[in-house]
$ cat coords36.csv   # CSV, C-alpha atoms
chain,number,residue,atom,x,y,z
A,1,MET,CA,0.0,0.0,0.0
A,2,ALA,CA,1.3,3.4,-0.9
A,3,LYS,CA,2.5,5.7,1.9
A,4,VAL,CA,0.5,8.9,1.6
A,5,ILE,CA,1.2,12.1,3.5
A,6,ILE,CA,-1.3,14.9,3.6
A,7,TRP,CA,0.8,18.0,3.8
A,8,ILE,CA,-1.0,20.6,5.7
A,9,HIS,CA,0.4,24.1,5.1
A,10,ASP,CA,-0.6,27.3,6.7
A,11,LYS,CA,-3.0,28.2,3.9
A,12,ALA,CA,-4.8,24.8,4.1
A,13,LEU,CA,-5.8,24.3,7.7
A,14,ASN,CA,-9.0,22.7,6.5
A,15,HIS,CA,-10.9,20.1,8.5
A,16,LEU,CA,-12.7,18.8,5.3
A,17,PHE,CA,-9.3,17.9,3.8
A,18,LEU,CA,-8.7,15.5,6.7
A,19,GLN,CA,-11.9,13.6,6.3
A,20,ALA,CA,-10.0,11.5,3.7
A,21,LEU,CA,-7.6,10.2,6.4
A,22,ASP,CA,-7.3,6.4,6.7
A,23,ASP,CA,-4.8,3.9,8.1
A,24,HIS,CA,-2.5,4.6,5.2
A,25,THR,CA,-2.5,8.3,5.3
A,26,ARG,CA,-0.9,10.7,7.8
A,27,ALA,CA,-1.5,14.4,8.0
A,28,VAL,CA,1.6,16.5,8.8
A,29,PHE,CA,2.2,20.2,9.5
A,30,VAL,CA,5.8,21.2,9.7
A,31,TRP,CA,6.5,24.0,12.1
A,32,ASP,CA,9.2,25.7,10.0
A,33,ASN,CA,10.7,28.6,11.9
A,34,GLN,CA,12.7,29.7,8.9
A,35,TYR,CA,9.6,29.7,6.7
A,36,PHE,CA,7.8,31.8,9.2
A,37,GLN,CA,10.8,34.1,9.7
A,38,ASP,CA,11.2,34.6,6.0
A,39,ARG,CA,7.6,35.9,6.0
A,40,SER,CA,8.2,38.0,9.2
A,41,TYR,CA,5.1,36.5,10.8
A,42,SER,CA,4.4,38.1,14.2
A,43,LEU,CA,3.4,36.1,17.2
A,44,LYS,CA,-0.3,36.9,16.5
A,45,ARG,CA,-0.2,35.0,13.3
A,46,LEU,CA,1.8,32.1,14.8
A,47,VAL,CA,-0.6,31.6,17.7
A,48,PHE,CA,-3.6,31.8,15.4
A,49,ILE,CA,-2.1,29.0,13.2
A,50,TYR,CA,-1.1,26.9,16.2
A,51,GLU,CA,-4.5,27.0,17.9
A,52,THR,CA,-6.1,26.0,14.7
A,53,LEU,CA,-3.7,23.0,14.4
A,54,CYS,CA,-4.6,22.0,17.9
A,55,GLN,CA,-8.2,21.3,16.7
A,56,MET,CA,-7.0,19.1,13.8
A,57,PRO,CA,-6.0,15.5,13.6
A,58,VAL,CA,-2.5,16.4,12.4
A,59,ASP,CA,1.0,15.7,13.6
A,60,VAL,CA,2.9,18.9,14.1
A,61,ILE,CA,6.6,18.4,13.5
A,62,LYS,CA,9.3,21.0,14.1
A,63,GLY,CA,11.9,21.4,11.3
A,64,ASP,CA,12.5,22.4,7.8
A,65,THR,CA,9.5,21.6,5.6
A,66,LEU,CA,11.3,20.0,2.8
A,67,GLU,CA,13.7,18.0,5.0
A,68,VAL,CA,10.9,16.8,7.2
A,69,MET,CA,8.7,15.8,4.3
A,70,ARG,CA,11.6,14.0,2.5
A,71,SER,CA,12.6,12.2,5.7
A,72,LEU,CA,9.0,10.8,6.0
A,73,ALA,CA,9.7,9.3,2.5
A,74,PRO,CA,6.1,9.2,1.2
A,75,ASN,CA,5.2,7.7,-2.1
A,76,GLU,CA,2.7,10.4,-2.5
A,77,VAL,CA,2.0,13.8,-1.0
A,78,ARG,CA,-1.4,15.4,-1.2
A,79,THR,CA,-1.9,19.0,-0.5
A,80,TRP,CA,-4.4,21.8,-1.0
A,81,PHE,CA,-4.1,24.4,-3.7
A,82,THR,CA,-2.9,27.9,-2.9
A,83,ALA,CA,-1.8,30.8,-5.0
A,84,ASP,CA,0.9,31.5,-2.5
A,85,THR,CA,4.3,31.5,-4.3
A,86,LYS,CA,6.4,30.1,-1.5
A,87,ILE,CA,4.2,27.1,-0.9
A,88,LYS,CA,4.0,26.5,-4.6
A,89,GLU,CA,7.8,26.5,-4.7
A,90,ILE,CA,8.0,24.0,-1.8
A,91,ALA,CA,5.5,21.7,-3.6
A,92,ARG,CA,7.5,22.0,-6.8
A,93,LEU,CA,10.7,20.9,-5.0
A,94,LEU,CA,8.9,18.1,-3.2
A,95,SER,CA,7.7,16.8,-6.5
A,96,LYS,CA,11.3,15.9,-7.4
A,97,ASN,CA,11.1,13.2,-4.7
A,98,CYS,CA,7.6,11.9,-4.9
A,99,ASN,CA,4.3,12.4,-6.6
A,100,VAL,CA,2.6,15.5,-5.4
A,101,GLU,CA,-1.1,15.9,-5.9
A,102,VAL,CA,-2.5,19.4,-5.5
A,103,ILE,CA,-6.2,19.4,-4.8
A,104,LYS,CA,-8.2,22.4,-5.9
A,105,PRO,CA,-11.2,23.6,-4.0
A,106,GLN,CA,-14.6,23.8,-5.7
A,107,PRO,CA,-14.4,26.9,-7.8
A,108,PHE,CA,-16.2,29.9,-6.5
A,109,ALA,CA,-17.6,30.7,-10.0
A,110,GLN,CA,-17.4,28.9,-13.3
A,111,ILE,CA,-14.9,30.8,-15.4
A,112,SER,CA,-12.5,29.3,-17.9
A,113,GLU,CA,-8.9,29.3,-16.6
A,114,ALA,CA,-7.9,30.7,-20.0
A,115,TYR,CA,-9.4,34.1,-19.1
A,116,GLU,CA,-7.0,36.8,-18.0
A,117,PHE,CA,-8.4,39.6,-15.9
A,118,ALA,CA,-6.7,42.8,-15.0
A,119,ARG,CA,-9.8,44.6,-13.5
A,120,PHE,CA,-12.3,43.2,-11.1
A,121,PHE,CA,-15.5,44.2,-12.9
A,122,LYS,CA,-14.4,42.4,-16.1
A,123,TYR,CA,-14.1,39.3,-13.9
A,124,TRP,CA,-17.3,40.0,-12.1
A,125,ASN,CA,-19.3,40.2,-15.3
A,126,LYS,CA,-18.4,36.6,-15.9
A,127,ALA,CA,-18.4,35.4,-12.3
A,128,LYS,CA,-21.8,36.7,-11.4
A,129,LYS,CA,-23.5,34.2,-13.8
A,130,THR,CA,-22.6,31.4,-11.4
A,131,ALA,CA,-21.6,33.1,-8.1
A,132,PHE,CA,-25.1,33.1,-6.9
A,133,LEU,CA,-25.5,29.4,-7.4
A,134,LYS,CA,-24.8,26.8,-4.7
A,135,ASN,CA,-21.3,25.5,-5.2
A,136,GLY,CA,-21.0,27.9,-8.0
A,137,SER,CA,-22.6,25.6,-10.4
A,138,ALA,CA,-26.0,25.1,-12.0
A,139,ASP,CA,-25.5,21.3,-11.4
A,140,ASN,CA,-26.3,21.6,-7.7
B,1,MET,CA,12.2,14.8,14.3
B,2,GLU,CA,10.5,16.6,17.1
B,3,SER,CA,6.8,16.2,17.4
B,4,LEU,CA,5.1,19.1,19.0
B,5,LYS,CA,2.5,19.2,21.7
B,6,THR,CA,-1.1,20.0,20.6
B,7,ASP,CA,-3.0,19.5,23.8
B,8,PHE,CA,-3.3,22.4,26.2
B,9,THR,CA,-5.5,23.1,29.1
B,10,ASN,CA,-5.9,26.8,28.3
B,11,ARG,CA,-5.0,29.5,25.8
B,12,ASP,CA,-2.3,31.1,28.0
B,13,ASP,CA,-0.4,27.8,28.1
B,14,LEU,CA,-0.7,27.5,24.3
B,15,ILE,CA,0.6,31.0,23.8
B,16,ALA,CA,3.5,30.4,26.1
B,17,TYR,CA,4.4,27.3,24.2
B,18,VAL,CA,4.3,29.1,20.8
B,19,LYS,CA,6.4,31.9,22.2
B,20,ASN,CA,9.0,29.4,23.3
B,21,LEU,CA,8.9,27.6,20.0
B,22,SER,CA,9.4,30.7,18.0
B,23,ARG,CA,11.3,33.1,20.3
B,24,TRP,CA,12.2,35.4,17.4
B,25,ALA,CA,8.5,36.3,16.8
B,26,SER,CA,7.6,39.8,17.8
B,27,GLY,CA,4.5,41.1,19.7
B,28,GLU,CA,1.8,39.4,21.6
B,29,ALA,CA,-1.1,37.1,20.7
B,30,SER,CA,-4.2,38.5,19.1
B,31,PRO,CA,-7.5,38.3,21.0
B,32,VAL,CA,-8.9,36.7,17.8
B,33,CYS,CA,-8.8,33.0,18.2
B,34,GLY,CA,-7.9,30.4,15.5
B,35,GLY,CA,-9.7,27.1,14.9
B,36,TYR,CA,-12.6,25.7,13.0
B,37,ASN,CA,-15.0,26.2,15.9
B,38,HIS,CA,-14.4,29.9,16.0
B,39,ALA,CA,-14.7,30.0,12.2
B,40,GLN,CA,-18.2,28.4,12.5
B,41,GLU,CA,-19.1,30.8,15.2
B,42,ALA,CA,-18.2,33.7,13.0
B,43,LEU,CA,-20.1,32.1,10.1
B,44,ASN,CA,-23.3,31.7,12.2
B,45,LYS,CA,-23.1,35.5,13.0
B,46,ILE,CA,-23.0,36.8,9.4
B,47,ASP,CA,-25.6,39.2,8.4
B,48,PRO,CA,-25.3,39.5,4.6
B,49,ILE,CA,-28.2,41.9,4.1
B,50,ASN,CA,-26.9,44.4,6.6
B,51,TYR,CA,-23.4,43.7,5.4
B,52,GLY,CA,-24.4,45.2,2.1
B,53,LYS,CA,-25.7,48.4,3.7
B,54,THR,CA,-23.1,49.0,6.4
B,55,ARG,CA,-19.9,47.3,5.4
B,56,ASN,CA,-18.0,50.6,4.9
B,57,PHE,CA,-18.6,51.7,8.4
B,58,GLY,CA,-16.2,50.9,11.2
B,59,ASP,CA,-19.1,49.4,13.2
B,60,GLY,CA,-20.8,47.9,10.2
B,61,LYS,CA,-21.9,44.3,9.9
B,62,VAL,CA,-18.6,42.9,8.6
B,63,THR,CA,-18.1,39.2,9.0
B,64,LYS,CA,-14.5,39.0,10.3
B,65,LEU,CA,-14.2,35.7,8.5
B,66,SER,CA,-11.1,36.7,6.5
B,67,PRO,CA,-8.5,35.1,8.9
B,68,TYR,CA,-10.3,31.8,8.6
B,69,VAL,CA,-10.7,32.0,4.9
B,70,HIS,CA,-7.1,33.0,4.4
B,71,HIS,CA,-5.9,29.9,6.3
B,72,GLY,CA,-8.3,27.6,4.5
B,73,ILE,CA,-10.2,26.9,7.7
B,74,ILE,CA,-13.4,27.7,5.8
B,75,ASP,CA,-13.7,28.4,2.1
B,76,LEU,CA,-15.6,30.8,0.0
B,77,ASN,CA,-18.0,28.1,-1.2
B,78,GLU,CA,-19.0,27.2,2.3
B,79,ILE,CA,-19.7,30.8,3.1
B,80,ARG,CA,-21.6,31.4,-0.1
B,81,ASN,CA,-23.7,28.3,0.3
B,82,TYR,CA,-24.5,29.3,3.9
B,83,ALA,CA,-25.7,32.7,2.8
B,84,LEU,CA,-27.8,31.3,0.0
B,85,ASP,CA,-29.4,28.9,2.4
B,86,LYS,CA,-30.3,31.8,4.7
B,87,TYR,CA,-31.5,34.2,2.0
B,88,SER,CA,-33.4,32.8,-0.9
B,89,GLN,CA,-33.5,36.2,-2.8
B,90,SER,CA,-30.0,36.5,-4.0
B,91,GLU,CA,-30.4,40.2,-5.0
B,92,GLN,CA,-30.5,40.9,-1.2
B,93,ILE,CA,-27.0,39.7,-0.8
B,94,THR,CA,-25.4,40.9,-4.0
B,95,LYS,CA,-22.8,43.0,-2.2
B,96,PHE,CA,-21.9,40.2,0.2
B,97,ILE,CA,-21.4,37.7,-2.7
B,98,GLN,CA,-19.4,40.3,-4.6
B,99,GLU,CA,-17.1,40.8,-1.6
B,100,LEU,CA,-16.4,37.1,-1.6
B,101,ALA,CA,-15.7,37.3,-5.3
B,102,TRP,CA,-13.0,39.9,-4.7
B,103,ARG,CA,-11.0,37.3,-2.9
B,104,ASP,CA,-11.6,34.8,-5.7
B,105,PHE,CA,-10.5,37.5,-8.2
B,106,TRP,CA,-7.2,38.3,-6.3
B,107,GLN,CA,-6.4,34.6,-6.1
B,108,ARG,CA,-7.0,34.0,-9.8
B,109,VAL,CA,-4.9,37.0,-10.8
B,110,ALA,CA,-2.0,36.0,-8.5
B,111,ASP,CA,-2.1,32.4,-9.6
B,112,LYS,CA,-1.8,33.4,-13.2
B,113,ASN,CA,0.6,36.2,-12.7
B,114,PRO,CA,2.9,35.4,-9.7
B,115,ASP,CA,5.3,38.2,-10.7
B,116,TRP,CA,2.6,40.8,-10.0
B,117,ILE,CA,2.6,39.9,-6.3
B,118,TRP,CA,5.7,42.0,-5.5
B,119,ASN,CA,6.2,44.0,-8.7
B,120,ASP,CA,4.3,47.0,-10.0
B,121,VAL,CA,1.7,45.7,-12.5
B,122,GLU,CA,1.5,49.1,-14.1
B,123,SER,CA,3.3,52.4,-13.5
B,124,TYR,CA,2.0,54.8,-10.8
B,125,LYS,CA,-0.6,57.2,-12.1
B,126,THR,CA,0.3,59.9,-9.6
B,127,GLY,CA,2.8,62.0,-11.6
B,128,PHE,CA,5.6,60.2,-9.8
B,129,CYS,CA,7.7,57.2,-10.9
B,130,ALA,CA,8.5,54.3,-8.6
B,131,GLU,CA,12.0,55.7,-7.8
B,132,ASP,CA,10.3,58.7,-6.3
B,133,TYR,CA,8.9,56.5,-3.4
B,134,GLU,CA,10.9,55.5,-0.3
B,135,ASP,CA,11.8,51.9,0.2
B,136,GLU,CA,11.2,51.7,4.0
B,137,LEU,CA,8.5,52.6,6.4
B,138,PRO,CA,9.6,55.2,8.9
B,139,ASN,CA,9.5,54.5,12.7
B,140,ASP,CA,6.7,56.8,13.4
B,141,VAL,CA,4.4,54.7,11.1
B,142,THR,CA,5.4,51.3,12.5
B,143,SER,CA,5.2,52.6,16.1
B,144,SER,CA,1.8,54.4,15.6
B,145,ASN,CA,3.3,57.7,16.3
B,146,THR,CA,2.4,59.7,13.2
B,147,GLY,CA,0.7,62.4,15.1
B,148,ILE,CA,-2.5,61.8,13.1
B,149,ALA,CA,-5.0,60.5,15.6
B,150,CYS,CA,-7.2,58.3,13.4
B,151,ILE,CA,-4.2,56.9,11.5
B,152,ASP,CA,-2.4,56.0,14.8
B,153,SER,CA,-5.6,54.3,16.0
B,154,PHE,CA,-5.8,52.1,12.9
B,155,ILE,CA,-2.1,51.3,13.3
B,156,ASN,CA,-2.8,50.2,16.9
B,157,ASP,CA,-5.5,47.9,15.7
B,158,LEU,CA,-3.1,46.3,13.2
B,159,ILE,CA,-0.3,45.8,15.7
B,160,ASN,CA,-2.4,44.8,18.7
B,161,THR,CA,-5.1,42.6,17.1
B,162,GLY,CA,-4.0,41.7,13.6
B,163,TYR,CA,-7.4,42.8,12.3
B,164,VAL,CA,-8.2,46.1,10.6
B,165,HIS,CA,-11.5,47.0,9.0
B,166,ASN,CA,-11.1,46.9,5.2
B,167,HIS,CA,-12.0,50.5,4.8
B,168,ALA,CA,-9.4,51.5,7.4
B,169,ARG,CA,-6.8,49.3,5.5
B,170,MET,CA,-7.5,51.5,2.5
B,171,TYR,CA,-6.9,54.6,4.5
B,172,LEU,CA,-3.7,53.2,5.9
B,173,ALA,CA,-2.4,52.1,2.5
B,174,SER,CA,-3.3,55.5,1.0
B,175,TYR,CA,-1.6,57.3,3.9
B,176,VAL,CA,1.6,55.3,3.5
B,177,VAL,CA,1.8,55.4,-0.3
B,178,HIS,CA,0.4,58.8,-1.1
B,179,PHE,CA,0.7,61.0,2.0
B,180,ARG,CA,4.2,59.7,2.9
B,181,ARG,CA,5.3,58.6,-0.6
B,182,ILE,CA,6.6,55.2,0.4
B,183,LYS,CA,6.6,52.2,-2.0
B,184,TRP,CA,3.5,50.1,-1.6
B,185,GLN,CA,5.7,47.0,-1.2
B,186,ALA,CA,7.0,48.3,2.2
B,187,GLY,CA,3.4,48.7,3.4
B,188,ALA,CA,2.3,45.4,2.0
B,189,GLN,CA,5.1,43.6,3.8
B,190,TRP,CA,4.2,45.4,7.1
B,191,PHE,CA,0.5,44.3,6.8
B,192,LEU,CA,1.6,40.7,6.0
B,193,GLU,CA,3.6,40.6,9.2
B,194,HIS,CA,0.6,41.6,11.4
B,195,LEU,CA,-2.7,40.8,9.7
B,196,LEU,CA,-4.2,37.4,10.7
B,197,ASP,CA,-5.6,37.3,7.2
B,198,GLY,CA,-2.5,38.6,5.6
B,199,ASP,CA,-2.5,37.0,2.1
B,200,GLU,CA,0.1,37.8,-0.5
B,201,ALA,CA,-2.5,37.9,-3.3
B,202,SER,CA,-5.3,39.9,-1.7
B,203,ASN,CA,-3.1,42.1,0.4
B,204,ASN,CA,-0.5,43.0,-2.2
B,205,LEU,CA,-2.8,43.5,-5.1
B,206,SER,CA,-5.1,45.6,-2.9
B,207,TRP,CA,-2.1,47.8,-2.0
B,208,GLN,CA,-1.4,48.1,-5.7
B,209,TRP,CA,-5.0,49.1,-6.3
B,210,VAL,CA,-4.6,51.9,-3.8
B,211,ALA,CA,-1.2,52.9,-5.2
B,212,SER,CA,-2.6,53.0,-8.7
B,213,THR,CA,-0.1,50.4,-10.1
B,214,PHE,CA,-3.1,48.1,-10.5
B,215,SER,CA,-5.9,50.5,-11.0
B,216,ASN,CA,-6.8,53.6,-13.1
B,217,LYS,CA,-6.1,56.2,-10.4
B,218,PRO,CA,-4.7,56.5,-6.9
B,219,TYR,CA,-7.1,56.1,-4.0
B,220,ILE,CA,-7.1,59.0,-1.5
B,221,PHE,CA,-9.3,60.0,1.4
B,222,ASN,CA,-9.8,62.9,3.6
B,223,LEU,CA,-10.9,63.5,7.2
B,224,GLU,CA,-14.5,64.1,6.3
B,225,ASN,CA,-14.6,60.6,4.9
B,226,VAL,CA,-13.0,59.1,8.0
B,227,ASP,CA,-15.4,61.0,10.2
B,228,LYS,CA,-18.4,59.7,8.2
B,229,TYR,CA,-17.4,56.1,8.5
B,230,PHE,CA,-15.4,55.9,11.7
B,231,GLY,CA,-16.3,59.0,13.6
B,232,LYS,CA,-17.9,57.0,16.5
B,233,LEU,CA,-14.8,54.9,16.9
B,234,VAL,CA,-11.7,57.1,16.5
B,235,ASP,CA,-10.7,60.6,17.2
B,236,THR,CA,-11.5,62.6,14.0
B,237,THR,CA,-11.2,66.1,15.4
B,238,PRO,CA,-9.5,68.4,12.9
B,239,GLU,CA,-6.9,69.6,15.5
B,240,ASN,CA,-5.7,66.0,15.9
B,241,ASN,CA,-5.8,65.1,12.2
B,242,LYS,CA,-4.5,68.3,10.5
B,243,VAL,CA,-2.8,66.5,7.6
B,244,LEU,CA,-6.1,64.9,6.4
B,245,ASN,CA,-8.3,67.9,6.9
B,246,ALA,CA,-8.7,69.1,3.4
B,247,SER,CA,-11.0,68.8,0.4
B,248,TYR,CA,-10.2,66.2,-2.3
B,249,GLU,CA,-9.2,69.0,-4.7
B,250,GLU,CA,-6.7,70.4,-2.2
B,251,LEU,CA,-5.3,66.9,-1.4
B,252,SER,CA,-4.9,66.0,-5.1
B,253,ALA,CA,-3.0,69.2,-5.7
B,254,ARG,CA,-0.9,68.7,-2.6
B,255,LEU,CA,-0.2,65.0,-3.1
B,256,PHE,CA,0.1,64.8,-6.9
B,257,PRO,CA,1.6,68.2,-7.9
B,258,HIS,CA,3.1,66.8,-11.1
B,259,PHE,CA,0.1,64.8,-12.2
B,260,GLY,CA,-0.9,66.0,-15.7
B,261,ASP,CA,2.7,67.1,-16.5
B,262,GLY,CA,3.1,64.1,-18.7
B,263,ASN,CA,4.6,61.9,-15.9
B,264,GLY,CA,1.5,59.9,-15.1
$ encode --input "coords36.csv" --output "C-alpha cells"
Amino acid sequence: MAKVIIWIHDKALNHLFLQALDDHTRAVFVWDNQYFQDRSYSLKRLVFIYETLCQMPVDVIKGDTLEVMRSLAPNEVRTWFTADTKIKEIARLLSKNCNVEVIKPQPFAQISEAYEFARFFKYWNKAKKTAFLKNGSADN
Amino acid sequence: MESLKTDFTNRDDLIAYVKNLSRWASGEASPVCGGYNHAQEALNKIDPINYGKTRNFGDGKVTKLSPYVHHGIIDLNEIRNYALDKYSQSEQITKFIQELAWRDFWQRVADKNPDWIWNDVESYKTGFCAEDYEDELPNDVTSSNTGIACIDSFINDLINTGYVHNHARMYLASYVVHFRRIKWQAGAQWFLEHLLDGDEASNNLSWQWVASTFSNKPYIFNLENVDKYFGKLVDTTPENNKVLNASYEELSARLFPHFGDGNG
C-alpha cells in the first residue's frame, strides 16, 4: 500500500481535507521557523495558526518543511491548492522526490482558466453568472 | 524529528508554548482565536443583508471571517452556500457575494501572474515614478506615532489585534503610499507581518489598487470621509488630524503636484 502524506500548510488548515484520512495516510504540518521568519510573521499569526492546528488530527513536527517531508519518505503527498508563491515552490521541489497531488477547491464561479483579468469588474461580469448558485454551479 | 504538543488546558499555556517555540517572533497574541469552531461561530453570525448596507462603516456588519478564509479553515464556497441557504433572494445579498468574489479574483490573478505579487503591475498614475517613493517605512508609522489620531488608532488595531477593518486598511495604505510617498511593497510587507488574514495575493494586489499600479487612479481619502465612517470609533477632530483635513481637490493638488505634467 502506498504511503501517503497529507501535507497541511498554513493556507490549508482545512478540516474537510482531513476527512479522507485512513490507516495509510498521515496528516503532517511542519512548524518551520525559517519559513515563518522569512515571512516575518508576528506572534499573533503564529498563535492563530497553532491553535487551529490543535483542533485538527494532524502531527505537528518541528523542522525544515522540505527536510521533514523528505525524511518521511512518502510515495505520494497530497496538499491543498494555494496561489501562495512560497508554498507552490516547496510543492515543486517536493515533486522531485515523490508524486505531489495538489487538490483544488470547488471553484467559486465557473470561469475558464484561460481568461485573463486585469480589472475586477471584467471578472465579475463573468463570475456573477454562477456566483449566486450553490457550489458555483447550476448542477447543484 | 521533534513532534510538538497540541494538547493544552488553556490558551495562555498554548501562547507560552508558541512563544518558546518561535522566540524570534515579535509582539503578543491576538484576542482573535484560531480554529474551526471559531470560524463556525463567525459564520453563524454573518448578516449578509446588513453587510451590504453597512460594510464601509467601522461598526458595520462585517463578517471578520477573513482570517479563517485565508488559512483555509473555511472556504468561499461554504460561506456562499450558507448565505444562499439563509436568504433565498440573491439580490438581497449581492454586495456580500461580490465581496467574496473579490478574494476569488485576487487569487486567480495572483495564480496566473505570480510576478505581480511583488512587482508593479503598471506604472504609478500619480505624476511620480517608482523611484520617487521611499523603500522603507519610517519608525513613526510602525510605532503608531504619526501624530494623526485616526491613523495612529488604525495602526494600533493592526499591531495589537492583527485585524483592521477593510476601509481602514485602504486609509492606511493610501496614507503610506500617497501622503508619505513610500513604496506600496513596504506597506504590504508590514501588513503581512501583522494581519491574521495577511494574504500575498489579496493584500499586495489591494495595495497596488490603492497605489494606482493596478488601478486607473490613486485612492485617496480625507478627514471628512474618515469621520463619516469611523467618527464614532476614532478621534476625528480636525486639530488632531490636520494633515487629512482638506478637500479632495486640495489633497490632489498637494499629493500629486506633477500629475498631468506628462509623468503619469
$ interface_residues --input "coords36.csv" --of "chain A" --to "chain B" --cutoff "7 Å" --atoms "all atoms listed in the file" --output "PDB file with C-alpha atoms, in the coordinates of the input"
ATOM      1  CA  ASP A  10      -0.600  27.300   6.700  1.00  0.00           C
ATOM      2  CA  LYS A  11      -3.000  28.200   3.900  1.00  0.00           C
ATOM      3  CA  ALA A  12      -4.800  24.800   4.100  1.00  0.00           C
ATOM      4  CA  LEU A  13      -5.800  24.300   7.700  1.00  0.00           C
ATOM      5  CA  ASN A  14      -9.000  22.700   6.500  1.00  0.00           C
ATOM      6  CA  HIS A  15     -10.900  20.100   8.500  1.00  0.00           C
ATOM      7  CA  ASN A  33      10.700  28.600  11.900  1.00  0.00           C
ATOM      8  CA  ARG A  39       7.600  35.900   6.000  1.00  0.00           C
ATOM      9  CA  SER A  40       8.200  38.000   9.200  1.00  0.00           C
ATOM     10  CA  TYR A  41       5.100  36.500  10.800  1.00  0.00           C
ATOM     11  CA  SER A  42       4.400  38.100  14.200  1.00  0.00           C
ATOM     12  CA  LEU A  43       3.400  36.100  17.200  1.00  0.00           C
ATOM     13  CA  LYS A  44      -0.300  36.900  16.500  1.00  0.00           C
ATOM     14  CA  ARG A  45      -0.200  35.000  13.300  1.00  0.00           C
ATOM     15  CA  VAL A  47      -0.600  31.600  17.700  1.00  0.00           C
ATOM     16  CA  PHE A  48      -3.600  31.800  15.400  1.00  0.00           C
ATOM     17  CA  ILE A  49      -2.100  29.000  13.200  1.00  0.00           C
ATOM     18  CA  GLU A  51      -4.500  27.000  17.900  1.00  0.00           C
ATOM     19  CA  THR A  52      -6.100  26.000  14.700  1.00  0.00           C
ATOM     20  CA  CYS A  54      -4.600  22.000  17.900  1.00  0.00           C
ATOM     21  CA  GLN A  55      -8.200  21.300  16.700  1.00  0.00           C
ATOM     22  CA  ASP A  59       1.000  15.700  13.600  1.00  0.00           C
ATOM     23  CA  VAL A  60       2.900  18.900  14.100  1.00  0.00           C
ATOM     24  CA  ILE A  61       6.600  18.400  13.500  1.00  0.00           C
ATOM     25  CA  LYS A  62       9.300  21.000  14.100  1.00  0.00           C
ATOM     26  CA  ALA A  83      -1.800  30.800  -5.000  1.00  0.00           C
ATOM     27  CA  ASP A  84       0.900  31.500  -2.500  1.00  0.00           C
ATOM     28  CA  THR A  85       4.300  31.500  -4.300  1.00  0.00           C
ATOM     29  CA  PHE A 108     -16.200  29.900  -6.500  1.00  0.00           C
ATOM     30  CA  PHE A 117      -8.400  39.600 -15.900  1.00  0.00           C
ATOM     31  CA  PHE A 120     -12.300  43.200 -11.100  1.00  0.00           C
ATOM     32  CA  TYR A 123     -14.100  39.300 -13.900  1.00  0.00           C
ATOM     33  CA  PHE A 132     -25.100  33.100  -6.900  1.00  0.00           C
ATOM     34  CA  LYS A 134     -24.800  26.800  -4.700  1.00  0.00           C
ATOM     35  CA  ASN A 135     -21.300  25.500  -5.200  1.00  0.00           C
TER      36      ASN A 135
END
$ atom_distance --input "coords36.csv" --atom1 "atom CA of Ala131 of chain A" --atom2 "atom CA of Asn203 of chain B"
22.3 Å
$ residues_around --input "coords36.csv" --residues "segment 18-32 of chain A" --least-positions-apart "3" --cutoff "7 Å" --atoms "only C-alpha atoms" --output "JSON, numbers by chain"
{"A": [3, 4, 5, 6, 7, 8, 9, 15, 35, 36, 58, 59, 60, 61, 62, 63, 64, 65]}
$ residues_around --input "coords36.csv" --residues "Gly58 of chain B" --least-positions-apart "3" --cutoff "7 Å" --atoms "only C-alpha atoms" --output "PDB file with C-alpha atoms, in the coordinates of the input"
ATOM      1  CA  HIS B 165     -11.500  47.000   9.000  1.00  0.00           C
ATOM      2  CA  TYR B 229     -17.400  56.100   8.500  1.00  0.00           C
ATOM      3  CA  PHE B 230     -15.400  55.900  11.700  1.00  0.00           C
TER       4      PHE B 230
END
$ atom_distance --input "coords36.csv" --atom1 "atom CA of Glu249 of chain B" --atom2 "atom CA of Arg181 of chain B"
18.3 Å
$ residues_near_point --input "coords36.csv" --point "(1.6, 60.4, -8.6)" --cutoff "10 Å" --atoms "all atoms listed in the file" --output "PDB file with C-alpha atoms, in the coordinates of the input"
ATOM      1  CA  SER B 123       3.300  52.400 -13.500  1.00  0.00           C
ATOM      2  CA  TYR B 124       2.000  54.800 -10.800  1.00  0.00           C
ATOM      3  CA  LYS B 125      -0.600  57.200 -12.100  1.00  0.00           C
ATOM      4  CA  THR B 126       0.300  59.900  -9.600  1.00  0.00           C
ATOM      5  CA  GLY B 127       2.800  62.000 -11.600  1.00  0.00           C
ATOM      6  CA  PHE B 128       5.600  60.200  -9.800  1.00  0.00           C
ATOM      7  CA  CYS B 129       7.700  57.200 -10.900  1.00  0.00           C
ATOM      8  CA  ALA B 130       8.500  54.300  -8.600  1.00  0.00           C
ATOM      9  CA  ASP B 132      10.300  58.700  -6.300  1.00  0.00           C
ATOM     10  CA  TYR B 133       8.900  56.500  -3.400  1.00  0.00           C
ATOM     11  CA  VAL B 177       1.800  55.400  -0.300  1.00  0.00           C
ATOM     12  CA  HIS B 178       0.400  58.800  -1.100  1.00  0.00           C
ATOM     13  CA  ARG B 181       5.300  58.600  -0.600  1.00  0.00           C
ATOM     14  CA  ALA B 211      -1.200  52.900  -5.200  1.00  0.00           C
ATOM     15  CA  SER B 212      -2.600  53.000  -8.700  1.00  0.00           C
ATOM     16  CA  LYS B 217      -6.100  56.200 -10.400  1.00  0.00           C
ATOM     17  CA  PRO B 218      -4.700  56.500  -6.900  1.00  0.00           C
ATOM     18  CA  SER B 252      -4.900  66.000  -5.100  1.00  0.00           C
ATOM     19  CA  LEU B 255      -0.200  65.000  -3.100  1.00  0.00           C
ATOM     20  CA  PHE B 256       0.100  64.800  -6.900  1.00  0.00           C
ATOM     21  CA  PRO B 257       1.600  68.200  -7.900  1.00  0.00           C
ATOM     22  CA  HIS B 258       3.100  66.800 -11.100  1.00  0.00           C
ATOM     23  CA  PHE B 259       0.100  64.800 -12.200  1.00  0.00           C
ATOM     24  CA  GLY B 260      -0.900  66.000 -15.700  1.00  0.00           C
ATOM     25  CA  ASN B 263       4.600  61.900 -15.900  1.00  0.00           C
ATOM     26  CA  GLY B 264       1.500  59.900 -15.100  1.00  0.00           C
TER      27      GLY B 264
END
$ atom_distance --input "coords36.csv" --atom1 "atom CA of Lys64 of chain B" --atom2 "atom CA of Ala42 of chain B"
7.0 Å
$ residues_around --input "coords36.csv" --residues "Leu66 of chain A" --least-positions-apart "3" --cutoff "9 Å" --atoms "all atoms listed in the file" --output "MDAnalysis selection string"
chainID A and resid 30 63 69:71 90:91 93:94
